[in-house]
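Enquirer: Dropping the structure in here first, questions after.
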Amino acid sequence: MSIATRTGDQGTTGMMYNRRLSKCHPRVEAFGCVDELNAALGLARATCPEAALQTKLAAVQQQLVVIMGELATAVDDLPRYVTDGFNLTTPS
């Protein structure tokens with residue numbers, strides 16, 4: 001099974017709205033780290049025997065998805081992102 005994307009590796013990765021960003025950009029590192037944290041919390045939630053803790057972990061995961069979406073969107077595209085129905089992070 002091939003996992004080739006047919007676009008070649010030009011040293012960039014895709015973001016929301018067909019934007020490209022260097023793979024070594026700090027934003028890419030940030031959403032990769034948040035994604036790994038979300039995966040670890042998913043494993044913790046799946047193996048946790050306490051329903052109350054599972055619920056709290058799910059809420060944190062939902063917040064991380066919001067953060068990842070915002071990180072994967074260029075600043076110039078944030079108004080479109082919101083118009084499309086996505087949430088942004090808030091101070092709270």
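Ordering of the structure tokens sets the chain letters (A, B, ...); residue numbers start at 1 within each chain; ligands are numbered from 1 in the order shown.
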So which residues of chain A fall under alpha helix (DSSP H) by DSSP, listed as an mmCIF file with N, CA and C atoms, in the first residue's frame?

Expert:
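The resulting file, selection_9.cif, is shown below:
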```
data_model
loop_
_atom_site.group_PDB
_atom_site.id
_atom_site.type_symbol
_atom_site.label_atom_id
_atom_site.label_comp_id
_atom_site.auth_asym_id
_atom_site.auth_seq_id
_atom_site.Cartn_x
_atom_site.Cartn_y
_atom_site.Cartn_z
ATOM 1 N N PRO A 26 7.465 26.996 13.542
ATOM 2 C CA PRO A 26 7.026 26.723 14.922
ATOM 3 C C PRO A 26 5.541 26.374 15.037
ATOM 4 N N ARG A 27 4.715 26.907 14.169
ATOM 5 C CA ARG A 27 3.280 26.607 14.207
ATOM 6 C C ARG A 27 3.041 25.124 13.916
ATOM 7 N N VAL A 28 3.780 24.561 12.976
ATOM 8 C CA VAL A 28 3.639 23.136 12.646
ATOM 9 C C VAL A 28 4.081 22.294 13.840
ATOM 10 N N GLU A 29 5.172 22.681 14.465
ATOM 11 C CA GLU A 29 5.637 21.981 15.665
ATOM 12 C C GLU A 29 4.566 22.060 16.760
ATOM 13 N N ALA A 30 3.944 23.214 16.905
ATOM 14 C CA ALA A 30 2.933 23.400 17.953
ATOM 15 C C ALA A 30 1.717 22.515 17.712
ATOM 16 N N PHE A 31 1.175 22.510 16.469
ATOM 17 C CA PHE A 31 -0.024 21.676 16.307
ATOM 18 C C PHE A 31 0.310 20.205 16.319
ATOM 19 N N GLY A 32 1.556 19.846 16.004
ATOM 20 C CA GLY A 32 1.975 18.453 16.147
ATOM 21 C C GLY A 32 2.030 18.029 17.610
ATOM 22 N N CYS A 33 2.546 18.915 18.450
ATOM 23 C CA CYS A 33 2.616 18.610 19.886
ATOM 24 C C CYS A 33 1.227 18.520 20.510
ATOM 25 N N VAL A 34 0.348 19.428 20.126
ATOM 26 C CA VAL A 34 -1.017 19.400 20.651
ATOM 27 C C VAL A 34 -1.721 18.117 20.186
ATOM 28 N N ASP A 35 -1.474 17.712 18.954
ATOM 29 C CA ASP A 35 -2.064 16.478 18.428
ATOM 30 C C ASP A 35 -1.572 15.261 19.218
ATOM 31 N N GLU A 36 -0.284 15.222 19.529
ATOM 32 C CA GLU A 36 0.250 14.105 20.313
ATOM 33 C C GLU A 36 -0.350 14.084 21.715
ATOM 34 N N LEU A 37 -0.505 15.265 22.315
ATOM 35 C CA LEU A 37 -1.139 15.338 23.630
ATOM 36 C C LEU A 37 -2.570 14.817 23.560
ATOM 37 N N ASN A 38 -3.293 15.207 22.519
ATOM 38 C CA ASN A 38 -4.671 14.755 22.349
ATOM 39 C C ASN A 38 -4.730 13.236 22.211
ATOM 40 N N ALA A 39 -3.787 12.667 21.476
ATOM 41 C CA ALA A 39 -3.747 11.207 21.321
ATOM 42 C C ALA A 39 -3.466 10.520 22.654
ATOM 43 N N ALA A 40 -2.556 11.075 23.442
ATOM 44 C CA ALA A 40 -2.241 10.496 24.754
ATOM 45 C C ALA A 40 -3.456 10.569 25.679
ATOM 46 N N LEU A 41 -4.158 11.690 25.631
ATOM 47 C CA LEU A 41 -5.363 11.811 26.456
ATOM 48 C C LEU A 41 -6.450 10.849 25.988
ATOM 49 N N GLY A 42 -6.521 10.598 24.691
ATOM 50 C CA GLY A 42 -7.477 9.630 24.167
ATOM 51 C C GLY A 42 -7.198 8.235 24.688
ATOM 52 N N LEU A 43 -5.918 7.876 24.740
ATOM 53 C CA LEU A 43 -5.540 6.569 25.291
ATOM 54 C C LEU A 43 -5.882 6.503 26.775
ATOM 55 N N ALA A 44 -5.583 7.575 27.497
ATOM 56 C CA ALA A 44 -5.904 7.606 28.929
ATOM 57 C C ALA A 44 -7.406 7.469 29.145
ATOM 58 N N ARG A 45 -8.176 8.170 28.328
ATOM 59 C CA ARG A 45 -9.641 8.114 28.454
ATOM 60 C C ARG A 45 -10.162 6.719 28.131
ATOM 61 N N ALA A 46 -9.598 6.094 27.092
ATOM 62 C CA ALA A 46 -10.068 4.772 26.675
ATOM 63 C C ALA A 46 -9.769 3.698 27.711
ATOM 64 N N THR A 47 -8.753 3.902 28.512
ATOM 65 C CA THR A 47 -8.367 2.880 29.491
ATOM 66 C C THR A 47 -8.768 3.251 30.919
ATOM 67 N N ALA A 51 -15.922 6.891 34.957
ATOM 68 C CA ALA A 51 -16.729 7.645 33.988
ATOM 69 C C ALA A 51 -16.570 9.151 34.149
ATOM 70 N N ALA A 52 -16.477 9.629 35.387
ATOM 71 C CA ALA A 52 -16.346 11.073 35.617
ATOM 72 C C ALA A 52 -15.035 11.598 35.036
ATOM 73 N N LEU A 53 -13.986 10.853 35.192
ATOM 74 C CA LEU A 53 -12.692 11.259 34.645
ATOM 75 C C LEU A 53 -12.701 11.167 33.116
ATOM 76 N N GLN A 54 -13.351 10.158 32.578
ATOM 77 C CA GLN A 54 -13.491 10.050 31.118
ATOM 78 C C GLN A 54 -14.178 11.291 30.556
ATOM 79 N N THR A 55 -15.194 11.758 31.237
ATOM 80 C CA THR A 55 -15.928 12.950 30.798
ATOM 81 C C THR A 55 -15.033 14.185 30.827
ATOM 82 N N LYS A 56 -14.241 14.335 31.875
ATOM 83 C CA LYS A 56 -13.320 15.476 31.971
ATOM 84 C C LYS A 56 -12.251 15.418 30.891
ATOM 85 N N LEU A 57 -11.732 14.235 30.637
ATOM 86 C CA LEU A 57 -10.716 14.086 29.592
ATOM 87 C C LEU A 57 -11.303 14.395 28.216
ATOM 88 N N ALA A 58 -12.530 13.992 27.969
ATOM 89 C CA ALA A 58 -13.186 14.285 26.687
ATOM 90 C C ALA A 58 -13.337 15.796 26.496
ATOM 91 N N ALA A 59 -13.665 16.501 27.571
ATOM 92 C CA ALA A 59 -13.805 17.962 27.486
ATOM 93 C C ALA A 59 -12.467 18.616 27.151
ATOM 94 N N VAL A 60 -11.392 18.135 27.745
ATOM 95 C CA VAL A 60 -10.063 18.674 27.441
ATOM 96 C C VAL A 60 -9.710 18.374 25.987
ATOM 97 N N GLN A 61 -10.024 17.171 25.527
ATOM 98 C CA GLN A 61 -9.746 16.822 24.130
ATOM 99 C C GLN A 61 -10.501 17.738 23.168
ATOM 100 N N GLN A 62 -11.735 18.060 23.489
ATOM 101 C CA GLN A 62 -12.513 18.960 22.627
ATOM 102 C C GLN A 62 -11.859 20.340 22.564
ATOM 103 N N GLN A 63 -11.337 20.810 23.672
ATOM 104 C CA GLN A 63 -10.650 22.100 23.694
ATOM 105 C C GLN A 63 -9.357 22.043 22.872
ATOM 106 N N LEU A 64 -8.673 20.918 22.927
ATOM 107 C CA LEU A 64 -7.443 20.766 22.146
ATOM 108 C C LEU A 64 -7.727 20.772 20.648
ATOM 109 N N VAL A 65 -8.861 20.216 20.250
ATOM 110 C CA VAL A 65 -9.241 20.233 18.834
ATOM 111 C C VAL A 65 -9.438 21.672 18.364
ATOM 112 N N VAL A 66 -10.027 22.505 19.200
ATOM 113 C CA VAL A 66 -10.203 23.920 18.862
ATOM 114 C C VAL A 66 -8.836 24.579 18.685
ATOM 115 N N ILE A 67 -7.920 24.304 19.586
ATOM 116 C CA ILE A 67 -6.574 24.875 19.498
ATOM 117 C C ILE A 67 -5.873 24.408 18.235
ATOM 118 N N MET A 68 -5.970 23.111 17.928
ATOM 119 C CA MET A 68 -5.310 22.590 16.719
ATOM 120 C C MET A 68 -5.875 23.230 15.463
ATOM 121 N N GLY A 69 -7.187 23.400 15.407
ATOM 122 C CA GLY A 69 -7.789 24.033 14.242
ATOM 123 C C GLY A 69 -7.311 25.450 14.050
ATOM 124 N N GLU A 70 -7.228 26.176 15.143
ATOM 125 C CA GLU A 70 -6.759 27.558 15.056
ATOM 126 C C GLU A 70 -5.287 27.614 14.653
ATOM 127 N N LEU A 71 -4.479 26.725 15.194
ATOM 128 C CA LEU A 71 -3.059 26.683 14.825
ATOM 129 C C LEU A 71 -2.866 26.311 13.354
ATOM 130 N N LEU A 78 -8.345 33.519 9.505
ATOM 131 C CA LEU A 78 -9.164 33.340 10.710
ATOM 132 C C LEU A 78 -10.589 33.872 10.551
ATOM 133 N N PRO A 79 -10.812 35.020 9.896
ATOM 134 C CA PRO A 79 -12.210 35.447 9.714
ATOM 135 C C PRO A 79 -13.032 34.412 8.931
ATOM 136 N N ARG A 80 -12.461 33.839 7.894
ATOM 137 C CA ARG A 80 -13.159 32.801 7.119
ATOM 138 C C ARG A 80 -13.403 31.571 7.989
ATOM 139 N N TYR A 81 -12.422 31.208 8.790
ATOM 140 C CA TYR A 81 -12.515 30.067 9.696
ATOM 141 C C TYR A 81 -13.727 30.231 10.620
ATOM 142 N N VAL A 82 -13.881 31.418 11.188
ATOM 143 C CA VAL A 82 -15.009 31.693 12.078
ATOM 144 C C VAL A 82 -16.320 31.684 11.295
ATOM 145 N N THR A 83 -16.329 32.305 10.118
ATOM 146 C CA THR A 83 -17.520 32.320 9.278
ATOM 147 C C THR A 83 -17.961 30.904 8.907
#
```

Enquirer: For stretch 19-22 of chain A, work out the shell of residues within 9 Å, counting only C-alpha atoms and skipping chain neighbours fewer than 5 positions away, then give it as a list of chain:residue names.

Expert: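 Near stretch 19-22 of chain A, the qualifying residues are A:Gln10, A:Gly11, A:Thr12, A:Thr13, A:Gly14, A:Arg27, A:Val28, A:Thr73, A:Ala74.
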
Enquirer: If I take atom CA of A:Lys23 and atom CA of A:Ile3, how far is one from the other in Å, to one decimal?

Expert: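 Going from atom CA of A:Lys23 over to atom CA of A:Ile3, I get 18.0 Å.
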
Enquirer: Using the chain letters and numbers from this document, which residues of chain A does DSSP assign to strand (DSSP E or B), as a list in words?

Expert: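 Selection result, strand (DSSP E or B) within chain A: Thr12, Thr13, Gly14, Arg20, Leu21 and Ser22 of chain A.
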
Enquirer: Any chance you can output those residues with N, CA and C atoms as an mmCIF file, in the first residue's frame?

Expert:
```cif
data_model
loop_
_atom_site.group_PDB
_atom_site.id
_atom_site.type_symbol
_atom_site.label_atom_id
_atom_site.label_comp_id
_atom_site.auth_asym_id
_atom_site.auth_seq_id
_atom_site.Cartn_x
_atom_site.Cartn_y
_atom_site.Cartn_z
ATOM 1 N N THR A 12 7.102 21.425 2.743
ATOM 2 C CA THR A 12 5.962 22.149 3.293
ATOM 3 C C THR A 12 4.864 21.165 3.676
ATOM 4 N N THR A 13 3.937 21.657 4.455
ATOM 5 C CA THR A 13 2.787 20.857 4.855
ATOM 6 C C THR A 13 1.519 21.691 4.669
ATOM 7 N N GLY A 14 0.422 21.011 4.486
ATOM 8 C CA GLY A 14 -0.842 21.704 4.241
ATOM 9 C C GLY A 14 -1.498 22.202 5.506
ATOM 10 N N ARG A 20 0.094 26.583 2.491
ATOM 11 C CA ARG A 20 1.268 25.736 2.720
ATOM 12 C C ARG A 20 2.171 26.455 3.712
ATOM 13 N N LEU A 21 2.861 25.664 4.537
ATOM 14 C CA LEU A 21 3.749 26.219 5.553
ATOM 15 C C LEU A 21 4.963 25.308 5.665
ATOM 16 N N SER A 22 6.114 25.887 5.881
ATOM 17 C CA SER A 22 7.337 25.106 6.045
ATOM 18 C C SER A 22 7.167 24.091 7.176
#
```

Enquirer: Suppose you want the space between atom CA of A:Asp76 and atom CA of A:Asp9; what is it in Å?

Expert: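 For atom CA of A:Asp76 relative to atom CA of A:Asp9, the distance reads 24.9 Å.
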
Enquirer: Kindly indicate which residue among A:Cys48, A:Ser92, A:Met1, A:Asp84 lies nearest to A:Tyr17, using only C-alpha atoms for the distances.

Expert: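 Closest residue, counting only C-alpha atoms: A:Asp84.
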